[in-house]
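Visitor: Below is the structure I would like to discuss, written out as structure tokens.
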Amino acid sequence: MTSVALAVTDGMLHFELGLACEVFGSAPDAVKVPWYDLAVCGTEAVRVGPFRLEPDHALDRLPGADTVIVPGWADIDREPPAALVDAVRAAHEAGARVASLCTGAFVLAAAGLLDGRRATTHWAHTRALAARHPGVMVDPDVLYVDDGRVLTSAGKAAAMDLCLHLVRLDHGSSVANTVARNLVVPPHRDGGQAQFVSTPVPAPDHHPLAELFPWVIERLDRPLTVEDLARRARMSSRNLGRHFKAVTGTTPLQWLLTQRIRHAQELLETTDAGVDAVAAATGMGTATTLRRHFNRAVGVPPDAYRRTFRSRPRPGPAADGAMAGSPAAESLATGGPTAGNPAAGSPATGSPAAGTMAPWQQRAPATRPTRN
């Protein structure tokens, strides 16, 4: 069982703290793998937003955890407590994977964990983070950054994206999708996606692409083109690209390739289908094509990816429901941009604590979106 420690002190944001507790505190009934051992750690009773919180353990528990999560820090103009900073630094030195949610990045920066690394925080505070910690390569245009054992998320909903990313690294796409469905949130938004797009994301049934998304997901085994999508949506290819950018923050080909890769991951995790069959089922055509794009996107060949997850308990039947062709099209309104076309781009990948990393989990993200 993987241990997760939430580091709390006075002045934490309750939204991010509650979100992390919801994801890592208990697994949905449909998830049949050993879940996380969650501990809330602090020095004493603290105020978290409007609530009073009694930590379960002291901060000295952090260095023994596999993963340490620092929720948002409300007052970025105030230095975080030395005891918190020291405990977070000690956890990282002990080999823990350390993640910050929203402005929790200021705590990681104070601990020196972000020096020389790419990192992000809520877009409204990226300039302050860069000015106060010039050694940090602040990226204001992404949802989260996975830099190996140090991860940072943007604000609010992006914290959920990072938490699900951690679950995906530890347990695979099917389990992460099951958790997301239980929380009624999109199963995957890639870390490289912009923090916001030019217009708000419409309700699922009230935008021009609402009927197109599930239609595509049911046909991932076919060699679809932008022209095919435009024809189905009854608009020009140019207008299709404009609507995709407004709704998803990416291009039609980027979105389509990401769906093919995600479907391939789930087939590799949950079925015994050979690589040739997976290539056919995901519209990649041949095993060679699948291996090339999968390796570029995930950081490891399909066979190695399957071996990684076959060494773990298999998810329950309900987890398989997220495979393409199922009602899991709820993810499509935000589908993660990563690979502009079959020859470009790569999704963010990352790693759990040292000593437990599979090779594919050690790659840092290489994506950089265009801000809208």
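Note on naming: chains are A, B, ... as they come in the structure tokens, residues start from 1 per chain, ligands start from 1 in the order shown.
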Need to verify the contact set: stretch 154-158 of chain A, 12 Å, only C-alpha atoms, exclusion of same-chain residues closer than 5 positions in sequence. Can you return it as a count of residues only?

Guide: 52

Visitor: Set the distance at 9 Å and use only C-alpha atoms: which residues neighbour A:Val40 once local chain neighbours fewer than 5 positions away are removed? I'd like the list as a ChimeraX atom specification.

Guide: /A:4-8,21,54-59

Visitor: How would the residues just chosen look if you wrote them out with all heavy atoms as a PDB file, in the first residue's frame?

Guide:
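Result file is result.pdb:
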```pdb
ATOM      1  N   VAL A   4       0.412   8.232   1.503  1.00  0.00           N
ATOM      2  CA  VAL A   4       0.311   9.623   1.076  1.00  0.00           C
ATOM      3  C   VAL A   4       0.142  10.484   2.317  1.00  0.00           C
ATOM      4  O   VAL A   4      -0.726  10.217   3.157  1.00  0.00           O
ATOM      5  CB  VAL A   4      -0.884   9.846   0.129  1.00  0.00           C
ATOM      6  CG1 VAL A   4      -1.067  11.329  -0.171  1.00  0.00           C
ATOM      7  CG2 VAL A   4      -0.695   9.065  -1.168  1.00  0.00           C
ATOM      8  N   ALA A   5       0.969  11.505   2.456  1.00  0.00           N
ATOM      9  CA  ALA A   5       0.893  12.422   3.600  1.00  0.00           C
ATOM     10  C   ALA A   5       0.516  13.806   3.106  1.00  0.00           C
ATOM     11  O   ALA A   5       1.169  14.355   2.214  1.00  0.00           O
ATOM     12  CB  ALA A   5       2.225  12.461   4.336  1.00  0.00           C
ATOM     13  N   LEU A   6      -0.542  14.364   3.671  1.00  0.00           N
ATOM     14  CA  LEU A   6      -0.937  15.743   3.383  1.00  0.00           C
ATOM     15  C   LEU A   6      -0.304  16.640   4.434  1.00  0.00           C
ATOM     16  O   LEU A   6      -0.531  16.457   5.639  1.00  0.00           O
ATOM     17  CB  LEU A   6      -2.449  15.895   3.416  1.00  0.00           C
ATOM     18  CG  LEU A   6      -3.251  15.252   2.288  1.00  0.00           C
ATOM     19  CD1 LEU A   6      -4.734  15.518   2.497  1.00  0.00           C
ATOM     20  CD2 LEU A   6      -2.810  15.811   0.949  1.00  0.00           C
ATOM     21  N   ALA A   7       0.488  17.594   3.992  1.00  0.00           N
ATOM     22  CA  ALA A   7       1.165  18.506   4.912  1.00  0.00           C
ATOM     23  C   ALA A   7       0.307  19.750   5.097  1.00  0.00           C
ATOM     24  O   ALA A   7       0.082  20.501   4.146  1.00  0.00           O
ATOM     25  CB  ALA A   7       2.537  18.885   4.358  1.00  0.00           C
ATOM     26  N   VAL A   8      -0.200  19.974   6.314  1.00  0.00           N
ATOM     27  CA  VAL A   8      -1.116  21.085   6.546  1.00  0.00           C
ATOM     28  C   VAL A   8      -0.600  21.998   7.650  1.00  0.00           C
ATOM     29  O   VAL A   8       0.142  21.580   8.539  1.00  0.00           O
ATOM     30  CB  VAL A   8      -2.530  20.586   6.923  1.00  0.00           C
ATOM     31  CG1 VAL A   8      -3.098  19.719   5.815  1.00  0.00           C
ATOM     32  CG2 VAL A   8      -2.513  19.830   8.234  1.00  0.00           C
ATOM     33  N   CYS A  21      -7.983  14.782  -0.185  1.00  0.00           N
ATOM     34  CA  CYS A  21      -8.561  13.773   0.722  1.00  0.00           C
ATOM     35  C   CYS A  21      -9.564  12.897  -0.012  1.00  0.00           C
ATOM     36  O   CYS A  21      -9.634  11.682   0.211  1.00  0.00           O
ATOM     37  CB  CYS A  21      -9.231  14.462   1.907  1.00  0.00           C
ATOM     38  SG  CYS A  21      -8.094  15.192   3.108  1.00  0.00           S
ATOM     39  N   GLU A  54      -8.068  18.921  12.734  1.00  0.00           N
ATOM     40  CA  GLU A  54      -7.180  18.238  13.676  1.00  0.00           C
ATOM     41  C   GLU A  54      -6.339  17.235  12.890  1.00  0.00           C
ATOM     42  O   GLU A  54      -6.848  16.208  12.441  1.00  0.00           O
ATOM     43  CB  GLU A  54      -7.994  17.497  14.746  1.00  0.00           C
ATOM     44  CG  GLU A  54      -8.790  18.402  15.673  1.00  0.00           C
ATOM     45  CD  GLU A  54      -7.938  18.954  16.802  1.00  0.00           C
ATOM     46  OE1 GLU A  54      -6.762  18.543  16.907  1.00  0.00           O
ATOM     47  OE2 GLU A  54      -8.451  19.790  17.565  1.00  0.00           O
ATOM     48  N   PRO A  55      -5.040  17.500  12.670  1.00  0.00           N
ATOM     49  CA  PRO A  55      -4.190  16.542  11.945  1.00  0.00           C
ATOM     50  C   PRO A  55      -4.111  15.200  12.669  1.00  0.00           C
ATOM     51  O   PRO A  55      -4.206  15.132  13.896  1.00  0.00           O
ATOM     52  CB  PRO A  55      -2.828  17.235  11.914  1.00  0.00           C
ATOM     53  CG  PRO A  55      -3.131  18.689  12.098  1.00  0.00           C
ATOM     54  CD  PRO A  55      -4.308  18.729  13.018  1.00  0.00           C
ATOM     55  N   ASP A  56      -3.925  14.140  11.902  1.00  0.00           N
ATOM     56  CA  ASP A  56      -3.797  12.805  12.476  1.00  0.00           C
ATOM     57  C   ASP A  56      -2.398  12.546  13.025  1.00  0.00           C
ATOM     58  O   ASP A  56      -2.212  11.750  13.935  1.00  0.00           O
ATOM     59  CB  ASP A  56      -4.093  11.738  11.405  1.00  0.00           C
ATOM     60  CG  ASP A  56      -5.471  11.897  10.806  1.00  0.00           C
ATOM     61  OD1 ASP A  56      -6.413  12.150  11.577  1.00  0.00           O
ATOM     62  OD2 ASP A  56      -5.597  11.777   9.577  1.00  0.00           O
ATOM     63  N   HIS A  57      -1.410  13.214  12.409  1.00  0.00           N
ATOM     64  CA  HIS A  57      -0.018  12.943  12.758  1.00  0.00           C
ATOM     65  C   HIS A  57       0.777  14.239  12.739  1.00  0.00           C
ATOM     66  O   HIS A  57       0.344  15.245  12.174  1.00  0.00           O
ATOM     67  CB  HIS A  57       0.613  11.946  11.765  1.00  0.00           C
ATOM     68  CG  HIS A  57      -0.130  10.647  11.655  1.00  0.00           C
ATOM     69  ND1 HIS A  57       0.049   9.604  12.528  1.00  0.00           N
ATOM     70  CD2 HIS A  57      -1.064  10.241  10.757  1.00  0.00           C
ATOM     71  CE1 HIS A  57      -0.732   8.601  12.182  1.00  0.00           C
ATOM     72  NE2 HIS A  57      -1.425   8.959  11.112  1.00  0.00           N
ATOM     73  N   ALA A  58       1.966  14.202  13.334  1.00  0.00           N
ATOM     74  CA  ALA A  58       2.867  15.349  13.311  1.00  0.00           C
ATOM     75  C   ALA A  58       3.583  15.417  11.963  1.00  0.00           C
ATOM     76  O   ALA A  58       3.564  14.466  11.169  1.00  0.00           O
ATOM     77  CB  ALA A  58       3.884  15.240  14.447  1.00  0.00           C
ATOM     78  N   LEU A  59       4.249  16.535  11.711  1.00  0.00           N
ATOM     79  CA  LEU A  59       4.955  16.714  10.449  1.00  0.00           C
ATOM     80  C   LEU A  59       6.130  15.760  10.293  1.00  0.00           C
ATOM     81  O   LEU A  59       6.599  15.532   9.168  1.00  0.00           O
ATOM     82  CB  LEU A  59       5.444  18.161  10.321  1.00  0.00           C
ATOM     83  CG  LEU A  59       4.355  19.220  10.079  1.00  0.00           C
ATOM     84  CD1 LEU A  59       4.962  20.614  10.159  1.00  0.00           C
ATOM     85  CD2 LEU A  59       3.683  19.005   8.728  1.00  0.00           C
TER      86      LEU A  59
END
```

Visitor: Write out, as a Markdown table, each residue of stretch 44-76 of chain A that has an atom at most 12 Å from stretch 23-34 of chain A, together with the closest pair of atoms and their distance in Å to one decimal, counting only C-alpha atoms, rows going by chain and rising number.

Guide:
```
| residue | atom | partner | partner_atom | distance |
| --- | --- | --- | --- | --- |
| A:Thr67 | CA | A:Phe24 | CA | 10.7 |
| A:Val68 | CA | A:Phe24 | CA | 11.5 |
| A:Ile69 | CA | A:Phe24 | CA | 10.5 |
```

Visitor: Could you list, as a list in words, every residue within 9 Å of A:Leu84, counting only C-alpha atoms and ignoring same-chain residues fewer than 2 positions away?

Guide: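 Once the adjacent positions are removed, what remains is Ala7, Val8, Thr9, Gly42, Thr43, Leu59, Pro80, Pro81, Ala82, Asp86, Ala87, Val88, Arg89, Val107 and Ala111 of chain A.
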
Visitor: Would you return as a PyMOL selection string the members of stretch 56-200 of chain A that DSSP assigns to strand (DSSP E or B) on this structure's backbone?

Guide: chain A and resi 57+67-70+73+97-100+118-119+137-138+144-146+150-153

Visitor: Generate a file of the selected residues that holds N, CA, C and O atoms, formatted as a PDB file, in the first residue's frame.

Guide:
```pdb
ATOM      1  N   HIS A  57      -1.410  13.214  12.409  1.00  0.00           N
ATOM      2  CA  HIS A  57      -0.018  12.943  12.758  1.00  0.00           C
ATOM      3  C   HIS A  57       0.777  14.239  12.739  1.00  0.00           C
ATOM      4  O   HIS A  57       0.344  15.245  12.174  1.00  0.00           O
ATOM      5  N   THR A  67       4.490   9.531  -0.881  1.00  0.00           N
ATOM      6  CA  THR A  67       4.102  10.765  -1.568  1.00  0.00           C
ATOM      7  C   THR A  67       3.689  11.802  -0.536  1.00  0.00           C
ATOM      8  O   THR A  67       2.936  11.496   0.396  1.00  0.00           O
ATOM      9  N   VAL A  68       4.178  13.021  -0.701  1.00  0.00           N
ATOM     10  CA  VAL A  68       3.797  14.139   0.165  1.00  0.00           C
ATOM     11  C   VAL A  68       3.085  15.177  -0.701  1.00  0.00           C
ATOM     12  O   VAL A  68       3.577  15.546  -1.772  1.00  0.00           O
ATOM     13  N   ILE A  69       1.921  15.632  -0.249  1.00  0.00           N
ATOM     14  CA  ILE A  69       1.147  16.623  -0.991  1.00  0.00           C
ATOM     15  C   ILE A  69       0.990  17.872  -0.132  1.00  0.00           C
ATOM     16  O   ILE A  69       0.582  17.790   1.034  1.00  0.00           O
ATOM     17  N   VAL A  70       1.319  19.026  -0.721  1.00  0.00           N
ATOM     18  CA  VAL A  70       1.177  20.311  -0.039  1.00  0.00           C
ATOM     19  C   VAL A  70       0.034  21.065  -0.699  1.00  0.00           C
ATOM     20  O   VAL A  70       0.155  21.485  -1.855  1.00  0.00           O
ATOM     21  N   TRP A  73      -1.562  27.402  -0.508  1.00  0.00           N
ATOM     22  CA  TRP A  73      -1.154  28.297   0.576  1.00  0.00           C
ATOM     23  C   TRP A  73      -1.884  29.610   0.369  1.00  0.00           C
ATOM     24  O   TRP A  73      -1.700  30.294  -0.637  1.00  0.00           O
ATOM     25  N   ARG A  97       8.070  11.323  -3.214  1.00  0.00           N
ATOM     26  CA  ARG A  97       7.545  12.108  -4.325  1.00  0.00           C
ATOM     27  C   ARG A  97       6.769  13.265  -3.702  1.00  0.00           C
ATOM     28  O   ARG A  97       5.892  13.052  -2.858  1.00  0.00           O
ATOM     29  N   VAL A  98       7.064  14.495  -4.081  1.00  0.00           N
ATOM     30  CA  VAL A  98       6.459  15.668  -3.450  1.00  0.00           C
ATOM     31  C   VAL A  98       5.662  16.439  -4.497  1.00  0.00           C
ATOM     32  O   VAL A  98       6.185  16.769  -5.567  1.00  0.00           O
ATOM     33  N   ALA A  99       4.403  16.729  -4.184  1.00  0.00           N
ATOM     34  CA  ALA A  99       3.530  17.446  -5.106  1.00  0.00           C
ATOM     35  C   ALA A  99       2.883  18.629  -4.398  1.00  0.00           C
ATOM     36  O   ALA A  99       2.502  18.523  -3.225  1.00  0.00           O
ATOM     37  N   SER A 100       2.758  19.724  -5.101  1.00  0.00           N
ATOM     38  CA  SER A 100       2.041  20.882  -4.562  1.00  0.00           C
ATOM     39  C   SER A 100       0.796  21.124  -5.391  1.00  0.00           C
ATOM     40  O   SER A 100       0.774  20.883  -6.601  1.00  0.00           O
ATOM     41  N   ARG A 118      11.242  23.198 -13.827  1.00  0.00           N
ATOM     42  CA  ARG A 118       9.999  23.782 -14.314  1.00  0.00           C
ATOM     43  C   ARG A 118       8.944  23.572 -13.252  1.00  0.00           C
ATOM     44  O   ARG A 118       8.875  22.523 -12.608  1.00  0.00           O
ATOM     45  N   ALA A 119       8.096  24.555 -13.069  1.00  0.00           N
ATOM     46  CA  ALA A 119       7.028  24.467 -12.073  1.00  0.00           C
ATOM     47  C   ALA A 119       5.913  25.410 -12.471  1.00  0.00           C
ATOM     48  O   ALA A 119       6.099  26.322 -13.283  1.00  0.00           O
ATOM     49  N   MET A 137      11.963  27.830 -12.849  1.00  0.00           N
ATOM     50  CA  MET A 137      11.510  28.074 -14.218  1.00  0.00           C
ATOM     51  C   MET A 137       9.986  27.984 -14.242  1.00  0.00           C
ATOM     52  O   MET A 137       9.411  26.913 -14.475  1.00  0.00           O
ATOM     53  N   VAL A 138       9.331  29.074 -13.966  1.00  0.00           N
ATOM     54  CA  VAL A 138       7.879  29.101 -13.816  1.00  0.00           C
ATOM     55  C   VAL A 138       7.212  29.074 -15.185  1.00  0.00           C
ATOM     56  O   VAL A 138       7.514  29.880 -16.060  1.00  0.00           O
ATOM     57  N   TYR A 144      -0.379  21.351 -15.053  1.00  0.00           N
ATOM     58  CA  TYR A 144       0.546  20.844 -14.046  1.00  0.00           C
ATOM     59  C   TYR A 144       1.868  20.485 -14.704  1.00  0.00           C
ATOM     60  O   TYR A 144       1.950  20.336 -15.929  1.00  0.00           O
ATOM     61  N   VAL A 145       2.906  20.389 -13.890  1.00  0.00           N
ATOM     62  CA  VAL A 145       4.232  20.007 -14.357  1.00  0.00           C
ATOM     63  C   VAL A 145       4.683  18.798 -13.543  1.00  0.00           C
ATOM     64  O   VAL A 145       4.648  18.816 -12.312  1.00  0.00           O
ATOM     65  N   ASP A 146       5.084  17.754 -14.241  1.00  0.00           N
ATOM     66  CA  ASP A 146       5.640  16.564 -13.613  1.00  0.00           C
ATOM     67  C   ASP A 146       7.128  16.549 -13.918  1.00  0.00           C
ATOM     68  O   ASP A 146       7.533  16.312 -15.047  1.00  0.00           O
ATOM     69  N   VAL A 150       9.179  15.697  -8.220  1.00  0.00           N
ATOM     70  CA  VAL A 150       8.601  16.972  -7.803  1.00  0.00           C
ATOM     71  C   VAL A 150       7.551  17.374  -8.828  1.00  0.00           C
ATOM     72  O   VAL A 150       7.844  17.499 -10.019  1.00  0.00           O
ATOM     73  N   LEU A 151       6.320  17.570  -8.355  1.00  0.00           N
ATOM     74  CA  LEU A 151       5.214  17.909  -9.243  1.00  0.00           C
ATOM     75  C   LEU A 151       4.491  19.130  -8.702  1.00  0.00           C
ATOM     76  O   LEU A 151       4.343  19.290  -7.482  1.00  0.00           O
ATOM     77  N   THR A 152       4.025  19.984  -9.597  1.00  0.00           N
ATOM     78  CA  THR A 152       3.286  21.184  -9.194  1.00  0.00           C
ATOM     79  C   THR A 152       2.068  21.340 -10.084  1.00  0.00           C
ATOM     80  O   THR A 152       2.121  21.019 -11.275  1.00  0.00           O
ATOM     81  N   SER A 153       0.977  21.824  -9.510  1.00  0.00           N
ATOM     82  CA  SER A 153      -0.232  22.041 -10.311  1.00  0.00           C
ATOM     83  C   SER A 153      -0.603  23.507 -10.319  1.00  0.00           C
ATOM     84  O   SER A 153      -0.198  24.280  -9.449  1.00  0.00           O
TER      85      SER A 153
END
```

Visitor: In Å to one decimal, how far is atom CA of A:Leu166 from atom CA of A:Ile76?

Guide: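 These two atoms are separated by 25.2 Å.
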
Visitor: So which residues touch A:Ala273 within 12 Å, counting only C-alpha atoms, skipping near sequence neighbours fewer than 5 positions away, as number ranges by chain?

Guide: A: 264-268, 278-282, 287, 302-303, 306

Visitor: Deliver the residues from the most recent selection as a file, using all heavy atoms, as a CSV table (one decimal), in the first residue's frame.

Guide:
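What landed in selection-v9.csv:
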```csv
chain,number,residue,atom,x,y,z
A,264,ALA,N,-5.4,2.8,-26.2
A,264,ALA,CA,-4.3,1.8,-26.3
A,264,ALA,C,-3.9,1.4,-24.9
A,264,ALA,O,-3.7,0.3,-24.5
A,264,ALA,CB,-3.2,2.2,-27.1
A,265,GLN,N,-3.7,2.4,-24.0
A,265,GLN,CA,-3.2,2.2,-22.6
A,265,GLN,C,-4.2,1.3,-21.9
A,265,GLN,O,-3.9,0.3,-21.2
A,265,GLN,CB,-3.1,3.5,-21.9
A,265,GLN,CG,-1.9,4.3,-22.3
A,265,GLN,CD,-1.8,5.6,-21.5
A,265,GLN,OE1,-2.6,6.5,-21.6
A,265,GLN,NE2,-0.8,5.7,-20.6
A,266,GLU,N,-5.5,1.6,-22.1
A,266,GLU,CA,-6.5,0.8,-21.3
A,266,GLU,C,-6.6,-0.6,-21.9
A,266,GLU,O,-6.8,-1.6,-21.1
A,266,GLU,CB,-7.9,1.5,-21.4
A,266,GLU,CG,-7.8,2.8,-20.6
A,266,GLU,CD,-9.2,3.6,-20.7
A,266,GLU,OE1,-10.1,3.1,-21.3
A,266,GLU,OE2,-9.3,4.6,-20.0
A,267,LEU,N,-6.5,-0.8,-23.2
A,267,LEU,CA,-6.5,-2.1,-23.8
A,267,LEU,C,-5.3,-3.0,-23.3
A,267,LEU,O,-5.4,-4.1,-23.0
A,267,LEU,CB,-6.5,-2.1,-25.3
A,267,LEU,CG,-7.8,-1.5,-26.0
A,267,LEU,CD1,-7.6,-1.4,-27.5
A,267,LEU,CD2,-9.0,-2.5,-25.7
A,268,LEU,N,-4.2,-2.3,-23.2
A,268,LEU,CA,-3.0,-3.0,-22.7
A,268,LEU,C,-3.1,-3.4,-21.2
A,268,LEU,O,-2.6,-4.4,-20.8
A,268,LEU,CB,-1.7,-2.1,-22.9
A,268,LEU,CG,-1.3,-1.9,-24.4
A,268,LEU,CD1,-0.3,-0.8,-24.5
A,268,LEU,CD2,-0.7,-3.2,-24.9
A,278,VAL,N,-4.2,-4.4,-30.8
A,278,VAL,CA,-4.4,-3.1,-30.1
A,278,VAL,C,-4.2,-2.0,-31.2
A,278,VAL,O,-4.9,-1.0,-31.2
A,278,VAL,CB,-3.4,-2.9,-28.9
A,278,VAL,CG1,-3.5,-1.5,-28.4
A,278,VAL,CG2,-3.7,-3.9,-27.8
A,279,ALA,N,-3.2,-2.1,-32.0
A,279,ALA,CA,-3.0,-1.2,-33.1
A,279,ALA,C,-4.2,-1.0,-34.0
A,279,ALA,O,-4.6,0.1,-34.3
A,279,ALA,CB,-1.8,-1.5,-33.9
A,280,ALA,N,-4.8,-2.2,-34.3
A,280,ALA,CA,-6.0,-2.1,-35.2
A,280,ALA,C,-7.2,-1.5,-34.4
A,280,ALA,O,-8.0,-0.7,-35.0
A,280,ALA,CB,-6.4,-3.5,-35.6
A,281,ALA,N,-7.4,-1.8,-33.1
A,281,ALA,CA,-8.5,-1.3,-32.4
A,281,ALA,C,-8.4,0.2,-32.1
A,281,ALA,O,-9.4,0.9,-31.8
A,281,ALA,CB,-8.6,-2.0,-31.0
A,282,THR,N,-7.2,0.8,-32.2
A,282,THR,CA,-7.0,2.2,-31.9
A,282,THR,C,-6.8,3.0,-33.1
A,282,THR,O,-6.5,4.2,-33.0
A,282,THR,CB,-5.8,2.4,-30.9
A,282,THR,OG1,-4.6,1.8,-31.5
A,282,THR,CG2,-6.1,1.7,-29.6
A,287,ALA,N,1.5,-2.5,-35.8
A,287,ALA,CA,2.1,-2.5,-34.5
A,287,ALA,C,3.3,-1.5,-34.5
A,287,ALA,O,3.6,-0.9,-33.5
A,287,ALA,CB,2.6,-3.9,-34.2
A,302,PRO,N,4.7,-0.4,-25.9
A,302,PRO,CA,3.5,-1.0,-25.4
A,302,PRO,C,3.7,-2.3,-24.6
A,302,PRO,O,3.1,-2.5,-23.5
A,302,PRO,CB,2.7,-1.4,-26.7
A,302,PRO,CG,3.2,-0.4,-27.7
A,302,PRO,CD,4.6,-0.2,-27.4
A,303,ASP,N,4.6,-3.1,-25.0
A,303,ASP,CA,4.9,-4.4,-24.2
A,303,ASP,C,5.4,-4.1,-22.8
A,303,ASP,O,5.0,-4.7,-21.9
A,303,ASP,CB,5.9,-5.3,-25.0
A,303,ASP,CG,5.4,-5.7,-26.3
A,303,ASP,OD1,4.3,-6.3,-26.4
A,303,ASP,OD2,6.0,-5.4,-27.4
A,306,ARG,N,2.6,-2.8,-20.7
A,306,ARG,CA,1.7,-3.9,-20.2
A,306,ARG,C,2.3,-4.6,-19.1
A,306,ARG,O,1.7,-5.0,-18.1
A,306,ARG,CB,1.4,-4.8,-21.4
A,306,ARG,CG,0.7,-6.1,-20.9
A,306,ARG,CD,0.2,-6.9,-22.1
A,306,ARG,NE,-1.1,-6.4,-22.6
A,306,ARG,CZ,-1.6,-6.7,-23.7
A,306,ARG,NH1,-0.9,-7.5,-24.6
A,306,ARG,NH2,-2.8,-6.3,-24.0
```

Visitor: Which value, in Å to one decimal, gives the distance between atom CA of A:Val179 and atom CA of A:Lys245?

Guide: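 Atom CA of A:Lys245 lies 27.0 Å from atom CA of A:Val179.
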